[in-house]
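Undergrad: Quick one, start_38.cif (mmCIF, C-alpha atoms):
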```cif
data_my_file
loop_
_atom_site.group_PDB
_atom_site.id
_atom_site.type_symbol
_atom_site.label_atom_id
_atom_site.label_comp_id
_atom_site.auth_asym_id
_atom_site.auth_seq_id
_atom_site.Cartn_x
_atom_site.Cartn_y
_atom_site.Cartn_z
ATOM 1 C CA MET Q 28 3.549 -58.179 135.341
ATOM 2 C CA ARG Q 29 0.990 -57.810 138.144
ATOM 3 C CA LEU Q 30 -2.576 -58.989 137.583
ATOM 4 C CA VAL Q 31 -5.250 -57.800 139.999
ATOM 5 C CA ILE Q 32 -8.957 -58.542 139.822
ATOM 6 C CA ALA Q 33 -10.725 -56.024 142.024
ATOM 7 C CA ARG Q 34 -13.929 -54.154 142.624
ATOM 8 C CA CYS Q 35 -12.887 -50.633 141.786
ATOM 9 C CA SER Q 36 -13.806 -47.278 140.333
ATOM 10 C CA VAL Q 37 -11.495 -45.334 138.019
ATOM 11 C CA ASP Q 38 -11.089 -41.630 137.261
ATOM 12 C CA TYR Q 39 -8.866 -40.236 134.507
ATOM 13 C CA THR Q 40 -7.941 -36.537 134.626
ATOM 14 C CA GLY Q 41 -5.846 -34.585 132.153
ATOM 15 C CA ARG Q 42 -6.523 -33.431 128.601
ATOM 16 C CA LEU Q 43 -9.804 -35.288 129.009
ATOM 17 C CA ASN Q 44 -11.734 -36.512 132.048
ATOM 18 C CA ALA Q 45 -13.348 -39.928 132.235
ATOM 19 C CA HIS Q 46 -15.048 -41.940 134.980
ATOM 20 C CA LEU Q 47 -15.637 -45.670 135.381
ATOM 21 C CA PRO Q 48 -18.148 -46.407 138.164
ATOM 22 C CA LEU Q 49 -17.681 -49.182 140.707
ATOM 23 C CA ALA Q 50 -17.449 -52.643 139.112
ATOM 24 C CA THR Q 51 -15.254 -55.745 139.040
ATOM 25 C CA ARG Q 52 -12.346 -55.310 136.639
ATOM 26 C CA LEU Q 53 -8.914 -56.640 135.709
ATOM 27 C CA LEU Q 54 -5.994 -54.304 136.442
ATOM 28 C CA VAL Q 55 -2.778 -55.040 134.540
ATOM 29 C CA HIS Q 56 0.358 -53.318 135.821
ATOM 30 C CA LYS Q 57 3.148 -54.074 133.358
ATOM 31 C CA GLY Q 58 6.887 -54.025 133.804
ATOM 32 C CA ASP Q 59 7.195 -50.871 131.685
ATOM 33 C CA GLY Q 60 5.075 -49.022 134.266
ATOM 34 C CA SER Q 61 1.855 -48.899 132.249
ATOM 35 C CA LEU Q 62 -1.508 -49.671 133.827
ATOM 36 C CA LEU Q 63 -4.431 -51.071 131.846
ATOM 37 C CA VAL Q 64 -8.002 -51.416 133.109
ATOM 38 C CA HIS Q 65 -9.991 -54.224 131.473
ATOM 39 C CA SER Q 66 -13.569 -55.463 131.664
ATOM 40 C CA ASP Q 67 -14.826 -58.900 130.648
ATOM 41 C CA GLY Q 68 -15.860 -57.557 127.227
ATOM 42 C CA GLY Q 69 -14.449 -55.318 124.539
ATOM 43 C CA SER Q 70 -11.927 -57.856 123.233
ATOM 44 C CA TYR Q 71 -8.315 -56.664 123.721
ATOM 45 C CA LYS Q 72 -9.134 -52.981 124.199
ATOM 46 C CA PRO Q 73 -8.850 -51.659 127.777
ATOM 47 C CA LEU Q 74 -11.501 -49.384 129.238
ATOM 48 C CA ASN Q 75 -8.781 -46.956 130.260
ATOM 49 C CA TRP Q 76 -5.027 -46.973 130.653
ATOM 50 C CA MET Q 77 -1.903 -44.960 131.354
ATOM 51 C CA SER Q 78 1.086 -45.441 129.095
ATOM 52 C CA PRO Q 79 4.749 -44.945 130.078
ATOM 53 C CA PRO Q 80 6.632 -43.011 131.205
ATOM 54 C CA CYS Q 81 4.464 -43.039 134.313
ATOM 55 C CA ARG Q 82 4.615 -43.882 138.006
ATOM 56 C CA LEU Q 83 2.221 -45.833 140.208
ATOM 57 C CA ASP Q 84 1.847 -44.789 143.842
ATOM 58 C CA VAL Q 85 -0.271 -46.757 146.303
ATOM 59 C CA GLU Q 86 -1.937 -44.392 148.778
ATOM 60 C CA VAL Q 87 -3.862 -44.906 151.995
ATOM 61 C CA PRO Q 88 -7.384 -43.501 151.543
ATOM 62 C CA ASP Q 89 -8.519 -40.636 153.739
ATOM 63 C CA GLU Q 90 -11.104 -41.180 156.466
ATOM 64 C CA GLU Q 91 -14.053 -40.306 154.247
ATOM 65 C CA ALA Q 92 -12.982 -42.696 151.480
ATOM 66 C CA ALA Q 93 -12.187 -45.457 153.973
ATOM 67 C CA SER Q 94 -15.624 -45.136 155.540
ATOM 68 C CA ALA Q 95 -17.082 -45.614 152.039
ATOM 69 C CA GLY Q 96 -15.229 -48.929 151.748
ATOM 70 C CA VAL Q 97 -12.078 -47.918 149.839
ATOM 71 C CA LEU Q 98 -9.100 -50.103 150.796
ATOM 72 C CA GLU Q 99 -6.419 -48.200 148.881
ATOM 73 C CA HIS Q 100 -5.843 -45.733 146.076
ATOM 74 C CA TRP Q 101 -3.704 -46.443 143.030
ATOM 75 C CA ARG Q 102 -2.542 -43.158 141.546
ATOM 76 C CA VAL Q 103 -0.750 -43.423 138.190
ATOM 77 C CA THR Q 104 0.797 -40.174 136.952
ATOM 78 C CA HIS Q 105 2.275 -39.581 133.504
ATOM 79 C CA ALA Q 106 5.772 -38.113 133.810
ATOM 80 C CA LYS Q 107 5.487 -35.771 130.824
ATOM 81 C CA THR Q 108 1.863 -34.654 130.655
ATOM 82 C CA GLY Q 109 0.822 -34.834 134.292
ATOM 83 C CA ASP Q 110 -2.303 -36.789 133.349
ATOM 84 C CA ALA Q 111 -3.435 -38.966 136.231
ATOM 85 C CA LEU Q 112 -5.362 -42.203 136.622
ATOM 86 C CA LEU Q 113 -6.888 -42.763 140.084
ATOM 87 C CA VAL Q 114 -8.104 -46.278 140.876
ATOM 88 C CA ARG Q 115 -10.115 -46.715 144.079
ATOM 89 C CA ILE Q 116 -9.837 -50.319 145.259
ATOM 90 C CA TYR Q 117 -12.836 -51.587 147.258
ATOM 91 C CA GLU Q 118 -12.120 -55.325 147.207
ATOM 92 C CA VAL Q 119 -9.243 -57.455 145.924
ATOM 93 C CA ILE Q 120 -10.395 -60.772 144.488
ATOM 94 C CA HIS Q 121 -7.098 -61.899 142.958
ATOM 95 C CA ASP Q 122 -3.547 -60.550 143.062
ATOM 96 C CA SER Q 123 -0.583 -62.220 141.381
ATOM 97 C CA SER Q 124 2.744 -61.210 139.835
ATOM 98 C CA HIS Q 125 4.544 -62.975 136.998
ATOM 99 C CA GLU Q 126 7.942 -62.566 135.325
ATOM 100 C CA LEU Q 127 7.360 -62.898 131.580
ATOM 101 C CA GLY Q 128 10.891 -62.244 130.344
ATOM 102 C CA ILE Q 129 11.796 -60.675 127.001
ATOM 103 C CA ASP Q 130 9.186 -61.152 124.298
ATOM 104 C CA PRO Q 131 10.529 -61.985 120.811
ATOM 105 C CA GLY Q 132 7.758 -59.904 119.202
ATOM 106 C CA LEU Q 133 5.059 -60.689 116.694
ATOM 107 C CA GLN Q 134 6.211 -62.763 113.741
ATOM 108 C CA LYS Q 135 4.193 -61.680 110.722
ATOM 109 C CA ASP Q 136 3.596 -63.796 107.657
ATOM 110 C CA GLY Q 137 5.953 -63.273 104.731
ATOM 111 C CA VAL Q 138 3.686 -61.119 102.582
ATOM 112 C CA GLU Q 139 2.683 -58.826 105.445
ATOM 113 C CA ALA Q 140 6.299 -58.409 106.559
ATOM 114 C CA ASP Q 141 7.318 -57.628 102.965
ATOM 115 C CA LEU Q 142 4.519 -55.083 102.631
ATOM 116 C CA GLN Q 143 5.725 -53.299 105.734
ATOM 117 C CA ARG Q 144 9.348 -53.274 104.526
ATOM 118 C CA LEU Q 145 8.427 -52.110 101.022
ATOM 119 C CA LEU Q 146 6.146 -49.403 102.353
ATOM 120 C CA ALA Q 147 8.900 -48.151 104.654
ATOM 121 C CA GLU Q 148 11.101 -47.791 101.565
ATOM 122 C CA GLN Q 149 8.312 -46.165 99.505
ATOM 123 C CA VAL Q 150 6.504 -43.859 101.924
ATOM 124 C CA ASP Q 151 5.413 -41.724 98.950
ATOM 125 C CA VAL Q 152 2.749 -44.401 98.471
ATOM 126 C CA ILE Q 153 1.067 -42.928 101.552
ATOM 127 C CA GLY Q 154 1.580 -39.286 100.591
ATOM 128 C CA ASP Q 155 3.972 -36.671 99.262
ATOM 129 C CA ASN Q 156 6.970 -35.376 101.194
ATOM 130 C CA LEU Q 157 6.573 -37.797 104.085
ATOM 131 C CA THR Q 158 9.539 -39.061 106.091
ATOM 132 C CA LEU Q 159 9.905 -42.334 107.951
ATOM 133 C CA VAL Q 160 10.430 -41.999 111.706
ATOM 134 C CA ARG Q 161 10.631 -45.701 112.469
ATOM 135 C CA ARG Q 162 9.326 -49.152 111.652
ATOM 136 C CA GLU Q 163 7.758 -51.099 114.543
ATOM 137 C CA PHE Q 164 7.468 -47.949 116.678
ATOM 138 C CA PRO Q 165 7.108 -49.264 120.256
ATOM 139 C CA THR Q 166 4.124 -48.465 122.466
ATOM 140 C CA ALA Q 167 2.844 -49.937 125.718
ATOM 141 C CA ILE Q 168 0.262 -51.964 123.796
ATOM 142 C CA GLY Q 169 2.379 -53.171 120.906
ATOM 143 C CA PRO Q 170 4.404 -51.773 118.007
ATOM 144 C CA VAL Q 171 2.958 -49.488 115.343
ATOM 145 C CA ASP Q 172 3.997 -50.825 111.927
ATOM 146 C CA LEU Q 173 5.207 -47.468 110.560
ATOM 147 C CA LEU Q 174 5.464 -44.014 112.076
ATOM 148 C CA LEU Q 175 5.808 -41.151 109.578
ATOM 149 C CA ARG Q 176 6.115 -37.357 109.724
ATOM 150 C CA ASP Q 177 4.387 -34.974 107.350
ATOM 151 C CA PRO Q 178 5.926 -31.645 106.234
ATOM 152 C CA GLU Q 179 3.835 -29.714 108.786
ATOM 153 C CA GLY Q 180 5.241 -31.753 111.683
ATOM 154 C CA GLY Q 181 2.225 -33.990 112.191
ATOM 155 C CA THR Q 182 2.566 -37.702 112.867
ATOM 156 C CA ILE Q 183 1.058 -40.495 110.773
ATOM 157 C CA ALA Q 184 0.624 -43.988 112.230
ATOM 158 C CA VAL Q 185 0.343 -46.708 109.578
ATOM 159 C CA GLU Q 186 -1.059 -50.184 110.217
ATOM 160 C CA VAL Q 187 -0.120 -52.661 107.462
ATOM 161 C CA LYS Q 188 -2.143 -55.793 106.709
ATOM 162 C CA ARG Q 189 -2.374 -58.286 103.906
ATOM 163 C CA ARG Q 190 -6.158 -58.376 104.277
ATOM 164 C CA GLY Q 191 -7.697 -55.457 106.115
ATOM 165 C CA ASP Q 192 -10.750 -56.095 108.283
ATOM 166 C CA ILE Q 193 -12.550 -54.427 111.179
ATOM 167 C CA ASP Q 194 -10.125 -55.857 113.759
ATOM 168 C CA GLY Q 195 -7.246 -54.087 112.032
ATOM 169 C CA VAL Q 196 -9.088 -50.758 112.145
ATOM 170 C CA GLU Q 197 -9.809 -51.287 115.844
ATOM 171 C CA GLN Q 198 -6.141 -52.042 116.432
ATOM 172 C CA LEU Q 199 -5.064 -48.840 114.692
ATOM 173 C CA THR Q 200 -7.699 -46.845 116.594
ATOM 174 C CA ARG Q 201 -6.194 -48.077 119.832
ATOM 175 C CA TYR Q 202 -2.711 -46.989 118.748
ATOM 176 C CA LEU Q 203 -4.005 -43.555 117.707
ATOM 177 C CA GLU Q 204 -5.698 -42.989 121.060
ATOM 178 C CA LEU Q 205 -2.457 -43.827 122.835
ATOM 179 C CA LEU Q 206 -0.077 -41.911 120.553
ATOM 180 C CA GLY Q 207 -2.326 -38.857 120.586
ATOM 181 C CA ARG Q 208 -1.671 -38.443 124.296
ATOM 182 C CA ASP Q 209 2.023 -37.780 123.655
ATOM 183 C CA PRO Q 210 2.550 -34.042 123.029
ATOM 184 C CA HIS Q 211 5.740 -34.838 121.105
ATOM 185 C CA LEU Q 212 3.730 -36.788 118.535
ATOM 186 C CA ALA Q 213 0.377 -34.992 118.440
ATOM 187 C CA PRO Q 214 -1.449 -34.399 116.210
ATOM 188 C CA VAL Q 215 -1.551 -38.023 115.060
ATOM 189 C CA THR Q 216 -3.552 -39.311 112.087
ATOM 190 C CA GLY Q 217 -3.980 -42.874 110.911
ATOM 191 C CA VAL Q 218 -3.570 -44.759 107.648
ATOM 192 C CA PHE Q 219 -4.842 -48.336 107.231
ATOM 193 C CA ALA Q 220 -2.863 -49.966 104.409
ATOM 194 C CA ALA Q 221 -3.555 -53.416 102.958
ATOM 195 C CA GLN Q 222 -3.664 -55.371 99.729
ATOM 196 C CA GLU Q 223 -7.376 -55.872 100.214
ATOM 197 C CA ILE Q 224 -9.675 -53.945 102.556
ATOM 198 C CA LYS Q 225 -13.137 -55.224 103.379
ATOM 199 C CA PRO Q 226 -16.054 -52.800 102.818
ATOM 200 C CA GLN Q 227 -17.029 -52.875 106.491
ATOM 201 C CA ALA Q 228 -13.478 -51.947 107.464
ATOM 202 C CA LYS Q 229 -13.542 -48.983 105.058
ATOM 203 C CA VAL Q 230 -16.791 -47.723 106.579
ATOM 204 C CA LEU Q 231 -15.444 -48.029 110.120
ATOM 205 C CA ALA Q 232 -12.145 -46.386 109.149
ATOM 206 C CA ALA Q 233 -13.956 -43.435 107.579
ATOM 207 C CA ASP Q 234 -16.046 -43.057 110.733
ATOM 208 C CA ARG Q 235 -12.849 -42.994 112.822
ATOM 209 C CA GLY Q 236 -11.151 -40.452 110.546
ATOM 210 C CA ILE Q 237 -8.669 -43.061 109.295
ATOM 211 C CA ARG Q 238 -7.563 -43.037 105.656
ATOM 212 C CA CYS Q 239 -7.403 -46.338 103.770
ATOM 213 C CA VAL Q 240 -4.748 -47.171 101.179
ATOM 214 C CA THR Q 241 -5.012 -50.288 99.012
ATOM 215 C CA LEU Q 242 -1.498 -51.523 98.223
ATOM 216 C CA ASP Q 243 -0.309 -52.970 94.914
ATOM 217 C CA TYR Q 244 2.122 -55.561 96.269
ATOM 218 C CA GLU Q 245 3.478 -56.674 92.897
ATOM 219 C CA GLY Q 246 3.889 -53.084 91.739
ATOM 220 C CA MET Q 247 5.735 -52.116 94.932
ATOM 221 C CA LYS Q 248 8.130 -55.027 94.308
ATOM 222 C CA GLY Q 249 8.686 -53.685 90.790
ATOM 223 C CA ILE Q 250 7.238 -56.727 89.076
ATOM 224 C CA GLU Q 251 4.563 -54.752 87.295
ATOM 225 C CA SER Q 252 3.369 -51.177 87.321
ATOM 226 C CA GLY Q 253 0.463 -50.240 89.504
ATOM 227 C CA ALA Q 254 -0.646 -47.387 91.686
ATOM 228 C CA PRO Q 255 -2.296 -47.676 95.109
ATOM 229 C CA ARG Q 256 -5.913 -46.603 95.255
ATOM 230 C CA LEU Q 257 -7.004 -44.194 97.953
ATOM 231 C CA PHE Q 258 -10.378 -44.428 99.685
#
```
Could you rewrite the structure in this file as C-alpha coordinates?
TA:
Amino acid sequence: MRLVIARCSVDYTGRLNAHLPLATRLLVHKGDGSLLVHSDGGSYKPLNWMSPPCRLDVEVPDEEAASAGVLEHWRVTHAKTGDALLVRIYEVIHDSSHELGIDPGLQKDGVEADLQRLLAEQVDVIGDNLTLVRREFPTAIGPVDLLLRDPEGGTIAVEVKRRGDIDGVEQLTRYLELLGRDPHLAPVTGVFAAQEIKPQAKVLAADRGIRCVTLDYEGMKGIESGAPRLF
(Lines of atoms letter the chains of each structure in order from A and count residues from 1; the text may use other names and numbers.)
(Lines give C-alpha, C1' and ligand atoms only; values in the text may rest on other atoms or scores of the structure.)
Protein backbone atom coordinates (compact mmCIF):
# COMPACT_ATOMS: atom_id res chain seq x y z
CA MET A 1 0.00 0.00 0.00
CA ARG A 2 1.31 3.45 -0.96
CA LEU A 3 0.35 6.46 1.15
CA VAL A 4 0.90 9.92 -0.32
CA ILE A 5 -0.01 13.23 1.27
CA ALA A 6 -0.01 15.84 -1.47
CA ARG A 7 -1.44 19.13 -2.60
CA CYS A 8 -3.55 18.04 -5.52
CA SER A 9 -6.68 18.52 -7.57
CA VAL A 10 -8.82 15.61 -8.77
CA ASP A 11 -11.15 15.15 -11.74
CA TYR A 12 -13.40 12.13 -12.25
CA THR A 13 -14.86 11.53 -15.73
CA GLY A 14 -17.20 8.76 -16.81
CA ARG A 15 -20.86 8.09 -16.09
CA LEU A 16 -20.61 11.17 -13.89
CA ASN A 17 -18.12 14.04 -13.72
CA ALA A 18 -16.77 15.41 -10.46
CA HIS A 19 -14.06 17.92 -9.54
CA LEU A 20 -12.06 18.41 -6.34
CA PRO A 21 -10.20 21.75 -6.35
CA LEU A 22 -6.61 22.13 -5.18
CA ALA A 23 -6.12 21.12 -1.53
CA THR A 24 -3.96 18.89 0.67
CA ARG A 25 -5.24 15.32 0.67
CA LEU A 26 -4.28 11.72 1.43
CA LEU A 27 -3.95 9.44 -1.60
CA VAL A 28 -4.15 5.71 -0.88
CA HIS A 29 -3.00 3.40 -3.67
CA LYS A 30 -3.77 -0.16 -2.58
CA GLY A 31 -2.29 -3.44 -3.70
CA ASP A 32 -5.49 -4.35 -5.57
CA GLY A 33 -4.96 -1.31 -7.81
CA SER A 34 -7.64 0.90 -6.27
CA LEU A 35 -7.01 4.56 -5.51
CA LEU A 36 -8.81 6.42 -2.74
CA VAL A 37 -8.71 10.18 -2.16
CA HIS A 38 -9.25 11.23 1.46
CA SER A 39 -9.57 14.54 3.29
CA ASP A 40 -9.07 15.12 7.01
CA GLY A 41 -12.84 14.85 7.60
CA GLY A 42 -15.70 12.64 6.52
CA SER A 43 -14.73 9.68 8.70
CA TYR A 44 -13.82 6.59 6.61
CA LYS A 45 -15.51 7.74 3.40
CA PRO A 46 -13.18 8.91 0.61
CA LEU A 47 -13.93 12.04 -1.39
CA ASN A 48 -13.48 10.06 -4.58
CA TRP A 49 -12.00 6.74 -5.62
CA MET A 50 -11.48 4.24 -8.40
CA SER A 51 -12.16 0.59 -7.69
CA PRO A 52 -10.49 -2.38 -9.41
CA PRO A 53 -9.96 -3.58 -12.03
CA CYS A 54 -8.08 -0.40 -12.87
CA ARG A 55 -4.62 0.82 -13.81
CA LEU A 56 -2.59 3.77 -12.53
CA ASP A 57 -0.28 5.56 -14.95
CA VAL A 58 2.05 8.34 -13.84
CA GLU A 59 2.37 10.95 -16.59
CA VAL A 60 4.65 13.93 -17.11
CA PRO A 61 2.51 17.08 -17.30
CA ASP A 62 2.52 19.13 -20.49
CA GLU A 63 4.21 22.52 -20.61
CA GLU A 64 1.07 24.45 -19.70
CA ALA A 65 0.34 22.27 -16.66
CA ALA A 66 3.98 22.33 -15.55
CA SER A 67 4.05 26.12 -15.72
CA ALA A 68 1.00 26.10 -13.41
CA GLY A 69 2.97 24.10 -10.85
CA VAL A 70 1.89 20.52 -11.62
CA LEU A 71 4.66 18.02 -10.85
CA GLU A 72 2.98 14.92 -12.28
CA HIS A 73 -0.35 13.45 -13.31
CA TRP A 74 -1.81 10.28 -11.86
CA ARG A 75 -4.30 8.82 -14.32
CA VAL A 76 -6.34 5.87 -13.03
CA THR A 77 -8.49 4.15 -15.66
CA HIS A 78 -11.13 1.50 -14.99
CA ALA A 79 -10.54 -1.52 -17.22
CA LYS A 80 -14.22 -2.27 -17.86
CA THR A 81 -16.02 1.07 -17.90
CA GLY A 82 -13.29 3.41 -19.11
CA ASP A 83 -14.04 5.82 -16.27
CA ALA A 84 -10.97 7.85 -15.39
CA LEU A 85 -9.63 9.59 -12.31
CA LEU A 86 -7.01 12.29 -12.99
CA VAL A 87 -4.99 13.52 -10.01
CA ARG A 88 -2.79 16.58 -10.58
CA ILE A 89 0.05 16.57 -8.04
CA TYR A 90 1.38 20.03 -7.13
CA GLU A 91 3.42 19.14 -4.04
CA VAL A 92 4.32 15.88 -2.30
CA ILE A 93 4.45 16.21 1.48
CA HIS A 94 4.78 12.52 2.36
CA ASP A 95 5.28 9.36 0.31
CA SER A 96 5.65 5.89 1.80
CA SER A 97 4.91 2.29 0.83
CA HIS A 98 4.03 -0.55 3.19
CA GLU A 99 3.51 -4.30 2.77
CA LEU A 100 0.46 -5.21 4.85
CA GLY A 101 0.21 -8.91 4.00
CA ILE A 102 -3.01 -10.93 3.91
CA ASP A 103 -5.76 -9.58 6.13
CA PRO A 104 -7.77 -12.20 8.08
CA GLY A 105 -10.96 -10.14 7.64
CA LEU A 106 -13.43 -8.65 10.06
CA GLN A 107 -14.44 -10.95 12.89
CA LYS A 108 -18.05 -10.18 13.76
CA ASP A 109 -19.67 -10.92 17.09
CA GLY A 110 -21.58 -14.18 17.37
CA VAL A 111 -25.09 -12.79 16.99
CA GLU A 112 -24.21 -10.65 13.97
CA ALA A 113 -22.41 -13.53 12.27
CA ASP A 114 -25.40 -15.80 12.94
CA LEU A 115 -27.80 -13.21 11.54
CA GLN A 116 -25.80 -13.04 8.35
CA ARG A 117 -25.68 -16.84 8.01
CA LEU A 118 -29.39 -17.26 8.76
CA LEU A 119 -30.35 -14.50 6.37
CA ALA A 120 -28.26 -16.09 3.62
CA GLU A 121 -30.28 -19.28 4.16
CA GLN A 122 -33.61 -17.41 4.31
CA VAL A 123 -33.35 -14.69 1.67
CA ASP A 124 -37.16 -14.70 1.39
CA VAL A 125 -37.03 -12.57 4.55
CA ILE A 126 -35.77 -9.76 2.31
CA GLY A 127 -38.21 -10.40 -0.54
CA ASP A 128 -39.86 -12.97 -2.78
CA ASN A 129 -38.01 -14.93 -5.46
CA LEU A 130 -34.58 -13.59 -4.55
CA THR A 131 -31.42 -15.63 -5.03
CA LEU A 132 -28.17 -15.44 -3.11
CA VAL A 133 -25.13 -14.47 -5.18
CA ARG A 134 -22.61 -14.57 -2.36
CA ARG A 135 -21.95 -13.87 1.30
CA GLU A 136 -19.12 -11.43 2.07
CA PHE A 137 -19.04 -10.17 -1.53
CA PRO A 138 -15.59 -8.55 -1.89
CA THR A 139 -15.11 -4.91 -2.86
CA ALA A 140 -12.13 -2.57 -2.72
CA ILE A 141 -13.47 -1.03 0.49
CA GLY A 142 -14.57 -4.15 2.32
CA PRO A 143 -17.00 -7.05 1.91
CA VAL A 144 -20.74 -6.61 1.45
CA ASP A 145 -22.53 -8.94 3.87
CA LEU A 146 -24.94 -10.40 1.29
CA LEU A 147 -25.35 -9.86 -2.43
CA LEU A 148 -28.69 -10.97 -3.89
CA ARG A 149 -30.37 -10.99 -7.31
CA ASP A 150 -34.01 -10.17 -7.92
CA PRO A 151 -36.10 -11.83 -10.67
CA GLU A 152 -35.63 -8.82 -12.98
CA GLY A 153 -31.83 -9.13 -12.82
CA GLY A 154 -31.23 -6.28 -10.40
CA THR A 155 -28.73 -6.54 -7.57
CA ILE A 156 -29.50 -6.10 -3.87
CA ALA A 157 -26.71 -5.34 -1.39
CA VAL A 158 -27.60 -6.24 2.20
CA GLU A 159 -25.78 -4.90 5.26
CA VAL A 160 -26.50 -6.95 8.40
CA LYS A 161 -26.17 -5.54 11.92
CA ARG A 162 -27.28 -6.54 15.37
CA ARG A 163 -28.09 -2.91 16.17
CA GLY A 164 -28.52 -0.63 13.20
CA ASP A 165 -27.38 2.98 13.51
CA ILE A 166 -26.41 5.84 11.21
CA ASP A 167 -22.86 4.51 10.74
CA GLY A 168 -24.26 1.29 9.29
CA VAL A 169 -26.39 3.22 6.79
CA GLU A 170 -23.34 5.26 5.78
CA GLN A 171 -21.37 2.06 5.32
CA LEU A 172 -24.04 0.58 3.06
CA THR A 173 -24.30 3.85 1.11
CA ARG A 174 -20.60 3.63 0.39
CA TYR A 175 -20.95 0.06 -0.89
CA LEU A 176 -23.90 1.05 -3.10
CA GLU A 177 -21.98 3.92 -4.67
CA LEU A 178 -19.13 1.56 -5.49
CA LEU A 179 -21.20 -1.40 -6.70
CA GLY A 180 -23.38 0.86 -8.83
CA ARG A 181 -20.38 1.69 -10.98
CA ASP A 182 -20.10 -1.92 -12.14
CA PRO A 183 -22.30 -2.44 -15.22
CA HIS A 184 -22.49 -6.16 -14.43
CA LEU A 185 -24.23 -5.40 -11.14
CA ALA A 186 -26.22 -2.24 -11.86
CA PRO A 187 -28.89 -1.37 -10.96
CA VAL A 188 -28.05 -1.92 -7.29
CA THR A 189 -30.43 -1.28 -4.39
CA GLY A 190 -29.75 -1.53 -0.69
CA VAL A 191 -31.33 -3.26 2.29
CA PHE A 192 -30.28 -2.44 5.87
CA ALA A 193 -31.16 -5.44 8.06
CA ALA A 194 -30.83 -5.54 11.85
CA GLN A 195 -32.52 -6.78 15.00
CA GLU A 196 -33.01 -3.20 16.09
CA ILE A 197 -32.77 -0.08 13.92
CA LYS A 198 -32.52 3.36 15.48
CA PRO A 199 -35.08 5.97 14.31
CA GLN A 200 -32.36 8.27 12.99
CA ALA A 201 -30.94 5.42 10.92
CA LYS A 202 -34.39 4.72 9.43
CA VAL A 203 -34.77 8.37 8.43
CA LEU A 204 -31.33 8.46 6.81
CA ALA A 205 -31.93 5.14 5.05
CA ALA A 206 -35.23 6.37 3.61
CA ASP A 207 -33.49 9.52 2.38
CA ARG A 208 -30.85 7.37 0.65
CA GLY A 209 -33.44 5.08 -0.94
CA ILE A 210 -32.40 2.17 1.29
CA ARG A 211 -35.03 -0.24 2.61
CA CYS A 212 -34.87 -1.29 6.27
CA VAL A 213 -35.75 -4.77 7.51
CA THR A 214 -36.04 -5.53 11.23
CA LEU A 215 -34.99 -9.14 11.82
CA ASP A 216 -36.59 -11.58 14.26
CA TYR A 217 -33.46 -13.45 15.33
CA GLU A 218 -35.23 -16.05 17.47
CA GLY A 219 -37.83 -16.67 14.77
CA MET A 220 -35.15 -17.10 12.09
CA LYS A 221 -33.48 -19.71 14.33
CA GLY A 222 -36.83 -21.49 14.59
CA ILE A 223 -37.15 -20.98 18.32
CA GLU A 224 -40.40 -19.08 18.02
CA SER A 225 -42.52 -17.77 15.20
CA GLY A 226 -42.10 -14.21 14.10
CA ALA A 227 -42.09 -12.19 10.93
CA PRO A 228 -39.67 -9.38 10.06
CA ARG A 229 -41.20 -5.93 9.91
CA LEU A 230 -40.54 -3.76 6.89
CA PHE A 231 -40.05 0.00 7.12
Undergrad: As a check of understanding, name the residues that the PyMOL selection byres ((chain Q and resi 195-200) around 7) selects in the supplied structure, as a list in words.
TA: Glu186, Gly191, Asp192, Ile193, Asp194, Arg201, Tyr202, Leu203, Glu204, Phe219, Ala228 and Ala232 of chain Q
Undergrad: Tell me which residues the PyMOL selection byres ((chain Q and resi 234-239) around 6) grabs here, as a list in words.
TA: Gly217, Val218, Phe219, Ala220, Leu231, Ala232, Ala233, Val240 and Phe258 of chain Q
Undergrad: Neighbours of Thr104 (chain Q) within 12 Å (only C-alpha atoms; same-chain residues fewer than 3 positions away dropped), as a ChimeraX atom specification?
TA: /Q:38-41,60-62,76-85,101,107-114
Undergrad: Applied to this file, what does the PyMOL selection byres ((chain Q and resi 122) around 6) return in terms of residues, put as an NGL selection string?
TA: :Q and (30-31 or 121 or 123)
Undergrad: To one decimal place in Å, what is the distance between CA of Ser66 (chain Q) and CA of Arg52 (chain Q)?
TA: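 These atoms are spaced 5.1 Å apart.
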